[in-house]
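J.: For reference, the file query.csv (CSV, C-alpha atoms and all ligand atoms) is included below:
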```csv
chain,number,residue,atom,x,y,z
T,1,MET,CA,55.0,-31.5,-19.3
T,2,SER,CA,54.1,-28.0,-18.2
T,3,SER,CA,52.7,-27.3,-14.7
T,4,LYS,CA,50.5,-24.5,-16.2
T,5,THR,CA,46.8,-25.1,-16.7
T,6,PRO,CA,46.3,-26.3,-20.3
T,7,TYR,CA,44.7,-24.0,-22.8
T,8,LYS,CA,41.4,-25.7,-23.8
T,9,VAL,CA,40.0,-25.8,-27.3
T,10,LEU,CA,36.5,-27.2,-28.3
T,11,CYS,CA,35.8,-28.0,-31.9
T,12,VAL,CA,32.1,-27.8,-32.8
T,13,CYS,CA,29.9,-29.0,-35.7
T,14,LEU,CA,26.3,-30.0,-36.0
T,15,GLY,CA,26.3,-33.8,-35.2
T,16,ASN,CA,29.7,-34.3,-33.6
T,17,ILE,CA,30.2,-37.4,-35.7
T,18,CYS,CA,32.0,-36.1,-38.8
T,19,ARG,CA,33.7,-32.7,-38.9
T,20,SER,CA,34.4,-31.8,-35.3
T,21,PRO,CA,35.7,-35.2,-34.2
T,22,THR,CA,38.1,-35.1,-37.2
T,23,ALA,CA,39.1,-31.5,-36.2
T,24,GLU,CA,39.6,-32.6,-32.6
T,25,VAL,CA,42.0,-35.4,-33.5
T,26,VAL,CA,43.9,-33.5,-36.2
T,27,LEU,CA,44.3,-30.3,-34.1
T,28,LYS,CA,45.5,-32.4,-31.1
T,29,HIS,CA,48.0,-34.1,-33.4
T,30,PHE,CA,49.5,-30.8,-34.5
T,31,CYS,CA,49.5,-29.4,-31.0
T,32,ASP,CA,51.2,-32.5,-29.5
T,33,GLN,CA,53.8,-32.5,-32.4
T,34,GLN,CA,54.8,-28.9,-31.2
T,35,GLN,CA,54.6,-29.9,-27.5
T,36,LEU,CA,52.0,-27.2,-26.8
T,37,ASN,CA,50.1,-27.4,-23.5
T,38,ILE,CA,46.7,-27.6,-25.1
T,39,GLU,CA,43.7,-29.9,-24.6
T,40,VAL,CA,41.3,-30.5,-27.4
T,41,ASP,CA,37.7,-31.8,-27.3
T,42,SER,CA,34.6,-31.7,-29.6
T,43,ALA,CA,30.9,-31.3,-29.4
T,44,GLY,CA,27.8,-30.8,-31.6
T,45,THR,CA,25.2,-28.1,-31.6
T,46,SER,CA,22.5,-30.7,-32.1
T,47,ASN,CA,21.6,-33.7,-29.9
T,48,TYR,CA,21.2,-36.0,-32.9
T,49,HIS,CA,23.8,-38.6,-32.0
T,50,PRO,CA,24.6,-38.5,-28.3
T,51,GLY,CA,27.1,-41.2,-27.2
T,52,LYS,CA,27.8,-42.4,-30.7
T,53,ALA,CA,31.2,-43.1,-32.2
T,54,PRO,CA,32.2,-41.0,-35.2
T,55,ASP,CA,30.7,-41.8,-38.6
T,56,LEU,CA,32.4,-44.9,-40.0
T,57,ARG,CA,33.3,-43.0,-43.2
T,58,SER,CA,35.0,-40.3,-41.2
T,59,GLN,CA,36.9,-43.0,-39.2
T,60,ALA,CA,38.0,-44.7,-42.4
T,61,HIS,CA,39.2,-41.6,-44.2
T,62,ALA,CA,41.0,-40.4,-41.1
T,63,LYS,CA,42.7,-43.8,-40.6
T,64,LYS,CA,44.2,-43.6,-44.0
T,65,ARG,CA,46.1,-40.5,-42.8
T,66,GLY,CA,47.1,-42.1,-39.5
T,67,TYR,CA,44.4,-40.5,-37.3
T,68,ASN,CA,42.3,-42.7,-34.9
T,69,LEU,CA,38.8,-41.4,-34.2
T,70,SER,CA,37.4,-44.7,-32.9
T,71,THR,CA,37.4,-43.9,-29.2
T,72,LEU,CA,35.6,-40.6,-29.4
T,73,ARG,CA,31.9,-40.3,-28.4
T,74,ALA,CA,29.5,-37.6,-29.5
T,75,ARG,CA,28.0,-35.1,-27.1
T,76,GLN,CA,26.0,-31.9,-27.3
T,77,LEU,CA,27.5,-28.4,-26.7
T,78,LYS,CA,26.4,-27.1,-23.2
T,79,VAL,CA,26.4,-23.8,-21.4
T,80,ASP,CA,29.2,-25.0,-19.1
T,81,ASP,CA,31.5,-25.3,-22.1
T,82,PHE,CA,31.7,-21.4,-22.3
T,83,VAL,CA,33.1,-21.4,-18.7
T,84,GLU,CA,35.4,-24.5,-19.2
T,85,PHE,CA,37.0,-23.8,-22.6
T,86,ASP,CA,39.3,-20.9,-23.8
T,87,LEU,CA,38.4,-21.2,-27.5
T,88,ILE,CA,35.4,-22.7,-29.3
T,89,LEU,CA,35.9,-23.3,-33.0
T,90,ALA,CA,32.9,-23.5,-35.4
T,91,MET,CA,33.1,-25.6,-38.5
T,92,ASP,CA,30.5,-23.5,-40.5
T,93,LEU,CA,28.5,-20.3,-40.2
T,94,GLU,CA,25.3,-22.0,-39.0
T,95,ASN,CA,27.4,-23.7,-36.2
T,96,LEU,CA,28.9,-20.3,-35.4
T,97,GLU,CA,25.4,-18.7,-35.1
T,98,ASN,CA,24.1,-21.5,-32.9
T,99,ILE,CA,27.2,-21.4,-30.7
T,100,LYS,CA,26.7,-17.6,-30.3
T,101,GLN,CA,23.1,-18.1,-29.3
T,102,LEU,CA,24.0,-20.6,-26.6
T,103,GLN,CA,26.8,-18.2,-25.5
T,104,GLN,CA,24.1,-15.7,-24.8
T,105,THR,CA,22.2,-18.3,-22.7
T,106,ALA,CA,25.5,-19.1,-20.9
T,107,CYS,CA,25.9,-15.4,-20.2
T,108,ASP,CA,22.4,-15.2,-18.7
T,109,VAL,CA,23.1,-18.3,-16.5
T,110,PHE,CA,26.6,-17.6,-15.3
T,111,GLY,CA,27.2,-13.8,-15.9
T,112,GLN,CA,29.6,-12.3,-18.4
T,113,SER,CA,32.5,-12.3,-16.0
T,114,ARG,CA,32.6,-16.1,-15.7
T,115,LEU,CA,32.6,-16.8,-19.4
T,116,LYS,CA,36.0,-17.6,-20.8
T,117,ALA,CA,35.5,-18.9,-24.3
T,118,LYS,CA,36.2,-16.9,-27.5
T,119,VAL,CA,34.1,-18.2,-30.4
T,120,MET,CA,35.7,-18.3,-33.9
T,121,LEU,CA,35.7,-20.2,-37.2
T,122,MET,CA,38.0,-23.2,-37.6
T,123,SER,CA,39.4,-21.4,-40.7
T,124,GLU,CA,39.8,-18.0,-38.9
T,125,HIS,CA,43.6,-17.9,-39.5
T,126,ASP,CA,43.9,-20.3,-42.4
T,127,GLU,CA,45.4,-18.5,-45.5
T,128,PHE,CA,44.5,-21.4,-47.8
T,129,PHE,CA,40.8,-21.6,-46.7
T,130,TYR,CA,40.5,-18.2,-45.2
T,131,LYS,CA,37.2,-17.9,-43.2
T,132,GLN,CA,35.7,-20.7,-45.4
T,133,GLU,CA,33.2,-23.2,-43.9
T,134,VAL,CA,34.2,-26.8,-43.5
T,135,PRO,CA,31.4,-28.3,-45.7
T,136,ASP,CA,29.1,-31.0,-44.1
T,137,PRO,CA,30.1,-34.3,-45.7
T,138,TYR,CA,27.3,-36.3,-44.1
T,139,TYR,CA,25.0,-36.7,-47.2
T,140,GLY,CA,27.9,-36.7,-49.8
T,141,GLY,CA,30.6,-39.1,-51.0
T,142,ASP,CA,34.3,-39.7,-50.4
T,143,ALA,CA,35.5,-36.3,-51.7
T,144,GLY,CA,33.6,-34.6,-48.9
T,145,PHE,CA,35.4,-36.6,-46.2
T,146,GLU,CA,38.8,-35.9,-47.8
T,147,ARG,CA,38.0,-32.2,-48.0
T,148,VAL,CA,37.2,-32.2,-44.2
T,149,LEU,CA,40.6,-33.7,-43.5
T,150,ASP,CA,42.4,-31.3,-45.9
T,151,GLN,CA,40.8,-28.3,-44.3
T,152,CYS,CA,41.2,-29.6,-40.7
T,153,GLU,CA,45.0,-30.2,-41.4
T,154,SER,CA,45.4,-26.8,-43.0
T,155,SER,CA,43.5,-24.8,-40.4
T,156,SER,CA,45.2,-26.7,-37.5
T,157,ARG,CA,48.6,-25.8,-38.9
T,158,ALA,CA,47.4,-22.2,-38.9
T,159,TRP,CA,46.1,-22.4,-35.3
T,160,VAL,CA,49.3,-23.9,-34.1
T,161,ASN,CA,51.2,-20.9,-35.4
T,162,VAL,CA,48.8,-18.6,-33.6
T,163,PHE,CA,49.1,-20.6,-30.4
T,164,LYS,CA,52.9,-20.3,-30.6
T,165,VAL,CA,52.7,-16.5,-31.1
T,166,MET,CA,50.3,-16.4,-28.0
T,167,ASN,CA,53.0,-18.3,-26.1
T,168,ILE,CA,50.6,-21.1,-25.1
L,201,LIG,P1,28.7,-33.3,-38.7
L,201,LIG,O1,27.9,-34.0,-39.8
L,201,LIG,O2,28.0,-32.1,-38.2
L,201,LIG,O3,30.0,-33.0,-39.4
L,201,LIG,O4,28.9,-34.3,-37.5
L,201,LIG,C1,26.5,-34.4,-39.6
L,201,LIG,C2,26.2,-35.5,-39.0
L,201,LIG,C3,24.9,-35.9,-38.8
L,201,LIG,C4,23.9,-35.1,-39.4
L,201,LIG,C5,24.2,-33.9,-40.1
L,201,LIG,C6,25.6,-33.6,-40.2
L,201,LIG,N1,22.5,-35.5,-39.3
L,201,LIG,O5,21.7,-34.8,-39.9
L,201,LIG,O6,22.2,-36.5,-38.7
```
Using structure tokens, write down the structure from this file.
Ligand code: 4NP
T.:
Amino acid sequence: MSSKTPYKVLCVCLGNICRSPTAEVVLKHFCDQQQLNIEVDSAGTSNYHPGKAPDLRSQAHAKKRGYNLSTLRARQLKVDDFVEFDLILAMDLENLENIKQLQQTACDVFGQSRLKAKVMLMSEHDEFFYKQEVPDPYYGGDAGFERVLDQCESSSRAWVNVFKVMNI
């Protein structure tokens, strides 16, 4: 294990019960596989489901691919996250907009010099889903949850390649 401070990534969606917990566990899996010194967490822009475990449909679909989401608990994105994390990844464009609004509040609270986090799309470097949104699966069927996993795996592979080039 490295003695360096880990690079910290926060995955963000609306509710923090479907997309971002999936992104958290999938990205962590790919980072750990490459022995990168990276910590991954997730949060929601809303406060709809504080303290709740991921949606049972997200858990079930992830489990079929070997990912365990059951221990995660939802929380809302907060201004401190912009000081704490190096990179904040939005699942869709509305999330991106809401994250940037809170980033401005964080700037007002802490001052620009204390903010660390870059804010980008989960799909920023993904050649297969380039700058595409991860569609919200909450009101849909099984295919939506599989698509979340497909995109999270694809975009996580792309991020791992970026992290390696950055020598993280
Ligand atoms: P998520 O999905 O943003 O991927 O966690 C949603 C979860 C809950 C709701 C919307 C989206 N909701 O309206 O409660």
J.: Compute the set of protein, DNA and RNA residues whose minimum atom distance to ligand LIG 201 (chain L) is at most 12 Å, using only C-alpha atoms and all ligand atoms, and state it as a ChimeraX atom specification.
T.: /T:11-24,42-50,52-59,73-76,90-95,133-140,144-145,147-149,152
J.: Which residues, written as a count of residues only, have at least one atom at most 7 Å from Ile38 in chain T, with only C-alpha atoms counted and residues fewer than 6 positions away on the same chain left out?
T.: 4
J.: Between T:Leu10, T:Leu87, T:Leu27, T:Leu96, which one has atoms that come closest to Ser156 in chain T, using all atoms listed in the file?
T.: T:Leu27
J.: I'd like the interatomic distance between CA of Ala62 in chain T and CA of Glu153 in chain T, to a tenth of an Å.
T.: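 CA of Ala62 in chain T sits 11.0 Å away from CA of Glu153 in chain T.
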J.: Contacts of range 102-110 of chain T at 8 Å or less, counting only C-alpha atoms, minus same-chain residues fewer than 5 places along, as a list in words?
T.: Lys78, Val79, Asp80, Phe82 and Leu115 of chain T
J.: Please, what distance in Å, to one decimal, runs between CA of Lys116 in chain T and CA of Asp81 in chain T?
T.: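 Between these atoms lies a distance of 9.0 Å.
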J.: Would you mind reading off the distance between CA of Gln101 in chain T and CA of Asp126 in chain T, one decimal, in Å?
T.: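 CA of Asp126 in chain T lies 24.7 Å from CA of Gln101 in chain T.
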J.: Range 104-120 of chain T, all listed atoms, 5 Å padding on each side: what axis-aligned box centre and edge lengths in Å to one decimal come out, as AutoDock Vina command-line options?
T.:
```
--center_x 29.2 --center_y -15.7 --center_z -24.6 --size_x 24.0 --size_y 16.8 --size_z 28.6
```
J.: Restricting the calculation to only C-alpha atoms, which member of T:Val26, T:Gln34, T:Val119, T:Gly111 is positioned closest to Lys63 in chain T?
T.: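 Of T:Val26, T:Gln34, T:Val119, T:Gly111, the one nearest Lys63 in chain T, counting only C-alpha atoms, is T:Val26.
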J.: Using only C-alpha atoms, which of the listed residues (T:Ala60, T:His29, T:Val9, T:Asn167) sits closest to Ala117 in chain T?
T.: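 Of T:Ala60, T:His29, T:Val9, T:Asn167, the one nearest Ala117 in chain T, counting only C-alpha atoms, is T:Val9.
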J.: For Arg157 in chain T, which of T:Ser113, T:Asn68, T:Thr5, T:Gln33 is the closest residue, counting only C-alpha atoms?
T.: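 Result for the nearest residue to Arg157 in chain T: T:Gln33.
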